[in-house]
Each structure stands twice: as structure tokens, then as C-alpha cells.
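Asker: Dropping the structure in here first, questions after.
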Amino acid sequence: MKKLKYDVVVLGGGAAGMGAINGALSQNVSVLLIEREASTGGVLNQCIHNGFGVHVFKQELSGPEYHEMYMEKLSRFDAMYETTVLNVDVKSNTLNTISISGVYEIKYGSLVLATGARERPFEALRIPGYRPAGVFTAGLAQHFVNLENRLPGHKAVIVGSGDIGLIMARRLTLEGVEVEGVYEIMPYQGGLTRNIVQCLDDFNIPLHLSTSIVEVHGKDRLEGVTVAKFENGHPVRKTERFVKCDTLVASVGLIPENDLVNETIELSDGSGANVDDLMRTNIYNVFAAGNNVCIHDLVDFAAVEGEIAGKNAAHVAKGKELPERMGILKKGEGVGLLSTKYTIAAEPFKLFVRVKKPMGTTILRLNDQKIKTVLAAKPSEMIEVKMDPSRYNMKGNLILSAMEVDKI
Ligand SMILES: Cc1cc2nc3c(=O)[nH]c(=O)nc-3n(C[C@H](O)[C@H](O)[C@H](O)COP(=O)(O)OP(=O)(O)OC[C@H]3O[C@@H](n4cnc5c(N)ncnc54)[C@H](O)[C@@H]3O)c2cc1C
């Protein structure tokens, strides 16, 4: 077995991985990227729509443009592409990889996990019927259309109103596919408002809220679906309607990808890696950033998190001790997701918050300290909160809650 040794090893070369390489290189350490695909970029490569880079590059780029511009920022680093990591041993600081050039044992000073997220499959919805040809996840349909120049079908129904589904509704329409509608089981949208407007409203594609699929028809090829209204998670009788279609695109959520380390790294209830504000996990030399920590709406947040993780991973690889953790952040009333679990708070940091349900004017509180007011809070839109240790107490048990003004 061939052996290699690096100060910082970055696993995954999407936006967060590129950010981690950038952060580590700024500290003059040796860096190795391991990526299972043939290049860096991750999900950016298949996102040919614009809307990327508003914060980092101050302009609206397509995914591939963002990828190219970010790569131009990076000086030389080593990379192993089309390489699969077989296992990570956090006790001996080694990992094993396999690729066409053989099996390697790689020793690291620090490791950055930037493995992104995978799509929740349609099967997870447990809907009766066969699983004929014509049923896709939204990311897979996007891959076919944008990278392989293939159309999945001619008449499509989209289940779930997450951003990838909304973007695919527009993309398929532009390619000549008839998109019958988007069906969302919740009484509110799953994706960003800008995507509802630009991807559905502008193309007259109806969004059916509180409605979902109750049956799949067809054995070899999809022939149609039955949709029905939903109340409190249950289909409402006599609201069923048959929709003829040959394509079903599911956009029903992303799951942080942490399977390689799920026995050693502490994970949240949403299966993201629990990190502190320096992006360190429960293992002193293992860091995590990007969609495997929490699902980000904006690529810039994943890249910046990566930069923090890479820089601190380099410090630890060089033998520097990071400050101790001072507090633990917990979800309080109204909060569905927090990006950071532990606070070190040596410096101000950004915390990302998602609320549980749509709310009007909402006040975010850290214990009894008011930290932000949001005019309209939606689960689909991440709230960015600046956590400043000179303004707020960030020690001990910290409960972050979100409450609507007229309910306080
Ligand atoms: C369809 C879609 C549209 C979006 N639109 C926008 C937009 O308009 N504007 C915006 O700012 N943001 C947008 N985003 C969000 C943003 O693109 C993502 O949050 C961000 O790119 C995620 O980066 P990441 O590095 O965490 O993950 P990824 O890009 O998924 O990268 C993870 C990488 O890890 C690799 N990997 C995984 N497991 C392993 C392993 N075991 N071994 C080796 N490599 C591995 C993968 O191959 C991949 O390259 C969109 C996202 C999607 C999915």
C-alpha cells in the first residue's frame, strides 16, 4: 500500500472544500484534496442558472463561473480525483483511499470534512405504486439536462417545492417539457421566494400547497400520479385527482453527507456535523464545513465556512491549541436549525438559523438577550445572525428562540 502524509487533508472539493483549501493554504501548510468526482466544484458544476457569489464576488454568477473564479484564488495544492475514501480512523489520524491508481494510506495532521449533502430519495416518501422509469430526484434530473444534454421526459410533475425542484421546473420548461405543476405537502413553500417568482410565477407554473402525491401509476414507465389535498399530514378524501405525466421529479430535501464518520463525529438530529464557531467537530483535529454541517441556501456561506475550517485546521496541524469552548447553543421555541452547536466566541462569528414555520415580524433571542428582528421569517430562508461576544454573553447554556412579535 502506498503511503502519503499531509498537514491538512480536505475531503470533498465543492464550495466548502475549495474554501477549506484556501484557508489552509493561507497558513503555509501542505494540503491534499480528495474528491470522488473528476474535478472540484461539487454541485456548482451542474447549476447553470445565475445567483451565485453575491457576497464573495459581489456579482451574480452561474455555478460554473463561481467555481472558475474561486479556483483562480487558489495557489498550488495536491489533489486526488476520482478517488473514494474507504474509511477514516480518527485515532491514528489516517484514512484509506482507493482509485484507479491503487490503494493509499494517508496520514493527516488535520482533516476537513466538506462532503456536502445527498438528496432525499422519492422512496423515502413511502407512496404506494411501482417505481417505474421516469421517477427522478431533482438533482439527478438537473445532472441529465445540464451536464448530459438528455431530457428526462415530456410531461413532468414536481413533488416538493425545495429550491432544486423550483429551478428544475423552469429548466425543464425552457427545454420544452410541459411542467404540469409543483405539489407541496406543507401549507407553505420549501424554497426561496425569489425562486418561486423567477422559476414558477414567470412561467405560469402552478404551485399547489397542502397537496401531494398519493399514488404512482405505471409499471415499466411512469403513466401518471394521483394527487390529493393534505390536512395535518393526512390526505383529504374525495380530493384525489389523476395527473397524466411521464416524469416525476422529487425535490424533498437534502441530507448532510456524513456516513464515513457517523460513528466518530457528533451529529445533530438533522445529521449535520456538530461544530463550534471555528468549525471544529468533537475531535480536536477534525473540522467540517458546508452542506454536511447544515444545508446552505447560498454558496458563499459554504465557502466562507470552509475558509474558517481550513485556516483553523492548519493551525492545529502546526501544533497550535485552539481556545476552549465556552458555551453550548440549543434550539429554543420556534427554531428548526442552528448551524453552530458550541461557542468559543474568541471573535464575532456568523450563526445561521432556520425557523420552524413561517412567521411575521420575529424577534430572535439568545437567552433573554434580543439579538435580531426579522420582518418575515420563513423556514426556507436562512437567517444570518452576527454573534458578537463583546455585546452578548456566550458562555454556558445558550438557548436561541424565535418568537413572533404579536405573540410575545
Ligand atoms: C440546485 C441547487 C441550486 C442552488 N442555487 C444556488 C444559488 O442560486 N445561489 C447560491 O448562492 N447557492 C445556491 N445553491 C446552494 C449552494 O450551491 C450549495 O449550498 C453549495 O454549493 C454547497 O457546497 P458544499 O461544498 O457544501 O457541497 P457540494 O457542492 O455538494 O460538494 C461536496 C463535494 O464532496 C464530494 N464528496 C462527497 N463525499 C465524498 C467522499 N466520500 N469522498 C470524496 N469526495 C466526496 C462530492 O463529490 C462533492 O464534490 C444551490 C444548491 C443547489 C443544490
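FYI, nothing fancy with the C-alpha cells labels: chains A, B, ... in order, residues from 1 per chain, ligands from 1 as they appear.
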If you run DSSP on the backbone, which residues of segment 170-280 of chain A are strand (DSSP E), as a PyMOL selection string?

Answerer: chain A and resi 178-183+207-208+211-217+224-231+234-235+241-244+247-250+254-256

Asker: By how many Å are atom CA of Thr264 of chain A and atom CA of Val286 of chain A apart?

Answerer: 10.3 Å

Asker: Among segment 111-251 of chain A, which residues does DSSP mark as alpha helix (DSSP H) when it is run on the backbone? Keep the chain and numbering as in the structure and answer as a list in words.

Answerer: Ala138, Gly139, Leu140, Ala141, Gln142, His143, Phe144, Val145, Asn146, Leu147, Glu148, Asp163, Ile164, Gly165, Leu166, Ile167, Met168, Ala169, Arg170, Arg171, Leu172, Thr173, Leu174, Thr193, Arg194 and Asn195 of chain A

Asker: Which distance in Å separates atom CA of Arg241 of chain A and atom CA of Asp163 of chain A, to one decimal?

Answerer: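 Atom CA of Asp163 of chain A lies 25.2 Å from atom CA of Arg241 of chain A.
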
Asker: Could you jot down the atom CA of Tyr183 of chain A to atom CA of Leu61 of chain A separation for me, Å, one decimal place?

Answerer: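 So the two atoms, atom CA of Tyr183 of chain A and atom CA of Leu61 of chain A, lie 29.0 Å apart.
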
Asker: Which residues, written as a list in words, have at least one atom at most 7 Å from Phe352 of chain A, with only C-alpha atoms counted and residues fewer than 6 positions away on the same chain left out?

Answerer: Leu338, Ser339, Met382, Ile383, Glu384 and Val385 of chain A

Asker: Just N, CA and C atoms for this one: save the residues we selected as a PDB file, in the first residue's frame.

Answerer:
```
ATOM      1  N   LEU A 338     -29.907  25.250  13.807  1.00  0.00           N
ATOM      2  CA  LEU A 338     -28.805  26.165  14.138  1.00  0.00           C
ATOM      3  C   LEU A 338     -27.545  25.601  13.498  1.00  0.00           C
ATOM      4  N   SER A 339     -26.736  26.465  12.864  1.00  0.00           N
ATOM      5  CA  SER A 339     -25.545  25.944  12.168  1.00  0.00           C
ATOM      6  C   SER A 339     -24.410  25.593  13.117  1.00  0.00           C
ATOM      7  N   MET A 382     -32.629  31.132   5.253  1.00  0.00           N
ATOM      8  CA  MET A 382     -31.716  31.130   6.386  1.00  0.00           C
ATOM      9  C   MET A 382     -31.548  32.536   6.949  1.00  0.00           C
ATOM     10  N   ILE A 383     -31.567  32.660   8.249  1.00  0.00           N
ATOM     11  CA  ILE A 383     -31.349  33.967   8.870  1.00  0.00           C
ATOM     12  C   ILE A 383     -29.899  33.995   9.333  1.00  0.00           C
ATOM     13  N   GLU A 384     -29.217  35.078   8.947  1.00  0.00           N
ATOM     14  CA  GLU A 384     -27.803  35.216   9.287  1.00  0.00           C
ATOM     15  C   GLU A 384     -27.715  36.101  10.531  1.00  0.00           C
ATOM     16  N   VAL A 385     -27.076  35.613  11.576  1.00  0.00           N
ATOM     17  CA  VAL A 385     -27.006  36.397  12.817  1.00  0.00           C
ATOM     18  C   VAL A 385     -25.541  36.630  13.170  1.00  0.00           C
TER      19      VAL A 385
END
```

Asker: May I have the residues within 9 Å of Glu257 of chain A as a ChimeraX atom specification, using only C-alpha atoms and disregarding those fewer than 3 positions away in the same chain?

Answerer: /A:114-118,254,260,271-272,291-293

Asker: Can I get the selected residues back with C-alpha atoms, as an mmCIF file, in the first residue's frame?

Answerer:
```cif
data_model
loop_
_atom_site.group_PDB
_atom_site.id
_atom_site.type_symbol
_atom_site.label_atom_id
_atom_site.label_comp_id
_atom_site.auth_asym_id
_atom_site.auth_seq_id
_atom_site.Cartn_x
_atom_site.Cartn_y
_atom_site.Cartn_z
ATOM 1 C CA ALA A 114 -16.557 19.023 3.154
ATOM 2 C CA THR A 115 -18.611 16.203 1.686
ATOM 3 C CA GLY A 116 -21.812 18.210 1.034
ATOM 4 C CA ALA A 117 -25.262 16.623 1.063
ATOM 5 C CA ARG A 118 -27.223 13.945 -0.763
ATOM 6 C CA LEU A 254 -31.134 17.259 1.273
ATOM 7 C CA LEU A 260 -17.993 7.998 6.571
ATOM 8 C CA SER A 271 -27.477 14.521 10.723
ATOM 9 C CA GLY A 272 -25.194 17.561 10.173
ATOM 10 C CA ASN A 291 -23.757 21.307 3.494
ATOM 11 C CA ASN A 292 -22.518 18.405 5.640
ATOM 12 C CA VAL A 293 -22.811 20.807 8.614
#
```

Asker: Measuring atom to atom with only C-alpha atoms and all ligand atoms, identify which of A:Tyr6, A:Phe57, A:Tyr188, A:Phe122 is nearest to ligand 1.

Answerer: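 Of all the options, A:Phe57 lies closest to ligand 1.
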
Asker: Neighbours of Gly153 of chain A within 8 Å (only C-alpha atoms; same-chain residues fewer than 6 positions away dropped), as a PyMOL selection string?

Answerer: chain A and resi 134+177+246-247

Asker: Got a sec: who's within 10 Å of Glu381 of chain A, counting only C-alpha atoms, leaving out chain neighbours fewer than 4 positions off, as a PyMOL selection string?

Answerer: chain A and resi 190-193+296-298+352-355+358+376-377

Asker: Next, dump the selected residues to file, keeping only C-alpha atoms, as a PDB file, in the first residue's frame.

Answerer:
```
ATOM      1  CA  GLY A 190     -39.991  24.940   0.703  1.00  0.00           C
ATOM      2  CA  GLY A 191     -37.695  27.126  -1.428  1.00  0.00           C
ATOM      3  CA  LEU A 192     -36.628  30.757  -1.588  1.00  0.00           C
ATOM      4  CA  THR A 193     -39.255  33.372  -2.559  1.00  0.00           C
ATOM      5  CA  HIS A 296     -26.985  26.316   2.950  1.00  0.00           C
ATOM      6  CA  ASP A 297     -29.143  28.431   0.593  1.00  0.00           C
ATOM      7  CA  LEU A 298     -26.136  30.422  -0.550  1.00  0.00           C
ATOM      8  CA  PHE A 352     -27.217  30.577  10.595  1.00  0.00           C
ATOM      9  CA  VAL A 353     -30.743  29.962  11.847  1.00  0.00           C
ATOM     10  CA  ARG A 354     -33.878  28.467  10.265  1.00  0.00           C
ATOM     11  CA  VAL A 355     -37.291  28.948  11.871  1.00  0.00           C
ATOM     12  CA  PRO A 358     -43.471  30.959   8.581  1.00  0.00           C
ATOM     13  CA  ALA A 376     -40.875  37.917   7.763  1.00  0.00           C
ATOM     14  CA  ALA A 377     -39.208  34.676   8.869  1.00  0.00           C
TER      15      ALA A 377
END
```

Asker: With only C-alpha atoms as the counted atoms, please give the residues lying no more than 12 Å from Val197 of chain A, apart from itself and same-chain residues fewer than 3 positions off, as a PyMOL selection string.

Answerer: chain A and resi 163+166-167+169-170+189+191-194+200-207

Asker: Could you write out that same residue set with N, CA and C atoms as a PDB file, in the first residue's frame?

Answerer:
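Listed below is the output, result.pdb:
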```pdb
ATOM      1  N   ASP A 163     -35.701  24.334  -3.411  1.00  0.00           N
ATOM      2  CA  ASP A 163     -35.094  25.164  -4.470  1.00  0.00           C
ATOM      3  C   ASP A 163     -34.714  24.375  -5.720  1.00  0.00           C
ATOM      4  N   LEU A 166     -37.787  23.816  -7.822  1.00  0.00           N
ATOM      5  CA  LEU A 166     -38.264  25.045  -8.468  1.00  0.00           C
ATOM      6  C   LEU A 166     -37.376  25.378  -9.670  1.00  0.00           C
ATOM      7  N   ILE A 167     -36.074  25.249  -9.451  1.00  0.00           N
ATOM      8  CA  ILE A 167     -35.123  25.560 -10.533  1.00  0.00           C
ATOM      9  C   ILE A 167     -35.307  24.573 -11.691  1.00  0.00           C
ATOM     10  N   ALA A 169     -38.167  23.099 -12.445  1.00  0.00           N
ATOM     11  CA  ALA A 169     -39.439  23.403 -13.115  1.00  0.00           C
ATOM     12  C   ALA A 169     -39.164  24.380 -14.259  1.00  0.00           C
ATOM     13  N   ARG A 170     -38.379  25.412 -13.968  1.00  0.00           N
ATOM     14  CA  ARG A 170     -38.039  26.406 -15.009  1.00  0.00           C
ATOM     15  C   ARG A 170     -37.146  25.784 -16.086  1.00  0.00           C
ATOM     16  N   GLN A 189     -44.287  27.275   1.100  1.00  0.00           N
ATOM     17  CA  GLN A 189     -43.259  26.856   0.152  1.00  0.00           C
ATOM     18  C   GLN A 189     -42.004  26.319   0.845  1.00  0.00           C
ATOM     19  N   GLY A 191     -38.871  26.439  -0.877  1.00  0.00           N
ATOM     20  CA  GLY A 191     -37.695  27.126  -1.428  1.00  0.00           C
ATOM     21  C   GLY A 191     -37.745  28.622  -1.218  1.00  0.00           C
ATOM     22  N   LEU A 192     -36.737  29.307  -1.734  1.00  0.00           N
ATOM     23  CA  LEU A 192     -36.628  30.757  -1.588  1.00  0.00           C
ATOM     24  C   LEU A 192     -37.728  31.468  -2.382  1.00  0.00           C
ATOM     25  N   THR A 193     -38.207  32.608  -1.869  1.00  0.00           N
ATOM     26  CA  THR A 193     -39.255  33.372  -2.559  1.00  0.00           C
ATOM     27  C   THR A 193     -38.790  33.790  -3.948  1.00  0.00           C
ATOM     28  N   ARG A 194     -37.501  34.165  -4.057  1.00  0.00           N
ATOM     29  CA  ARG A 194     -37.018  34.598  -5.384  1.00  0.00           C
ATOM     30  C   ARG A 194     -37.155  33.456  -6.399  1.00  0.00           C
ATOM     31  N   LEU A 200     -41.383  29.847 -11.082  1.00  0.00           N
ATOM     32  CA  LEU A 200     -42.770  29.400 -11.277  1.00  0.00           C
ATOM     33  C   LEU A 200     -43.641  30.515 -11.834  1.00  0.00           C
ATOM     34  N   ASP A 201     -43.760  31.631 -11.086  1.00  0.00           N
ATOM     35  CA  ASP A 201     -44.688  32.708 -11.498  1.00  0.00           C
ATOM     36  C   ASP A 201     -44.371  33.195 -12.918  1.00  0.00           C
ATOM     37  N   ASP A 202     -43.087  33.407 -13.206  1.00  0.00           N
ATOM     38  CA  ASP A 202     -42.713  33.942 -14.526  1.00  0.00           C
ATOM     39  C   ASP A 202     -43.033  32.971 -15.665  1.00  0.00           C
ATOM     40  N   PHE A 203     -43.266  31.711 -15.345  1.00  0.00           N
ATOM     41  CA  PHE A 203     -43.537  30.707 -16.389  1.00  0.00           C
ATOM     42  C   PHE A 203     -44.949  30.109 -16.251  1.00  0.00           C
ATOM     43  N   ASN A 204     -45.774  30.755 -15.423  1.00  0.00           N
ATOM     44  CA  ASN A 204     -47.160  30.292 -15.194  1.00  0.00           C
ATOM     45  C   ASN A 204     -47.231  28.836 -14.767  1.00  0.00           C
ATOM     46  N   ILE A 205     -46.302  28.412 -13.935  1.00  0.00           N
ATOM     47  CA  ILE A 205     -46.342  27.030 -13.431  1.00  0.00           C
ATOM     48  C   ILE A 205     -47.040  27.074 -12.064  1.00  0.00           C
ATOM     49  N   PRO A 206     -48.157  26.354 -11.902  1.00  0.00           N
ATOM     50  CA  PRO A 206     -48.875  26.458 -10.621  1.00  0.00           C
ATOM     51  C   PRO A 206     -48.151  25.753  -9.468  1.00  0.00           C
ATOM     52  N   LEU A 207     -48.233  26.385  -8.290  1.00  0.00           N
ATOM     53  CA  LEU A 207     -47.718  25.765  -7.058  1.00  0.00           C
ATOM     54  C   LEU A 207     -48.937  25.375  -6.226  1.00  0.00           C
TER      55      LEU A 207
END
```

Asker: Report the closest atom pair, with its distance in Å rounded to one decimal, for each residue of segment 300-400 of chain A that has an atom no farther than 9 Å from segment 280-283 of chain A; count only C-alpha atoms, sort by chain and then rising residue number, and write it as JSON lines.

Answerer:
```
{"residue": "A:Ala309", "atom": "CA", "partner": "A:Arg280", "partner_atom": "CA", "distance": 7.0}
{"residue": "A:Asn312", "atom": "CA", "partner": "A:Arg280", "partner_atom": "CA", "distance": 8.0}
{"residue": "A:Ala313", "atom": "CA", "partner": "A:Arg280", "partner_atom": "CA", "distance": 8.1}
```
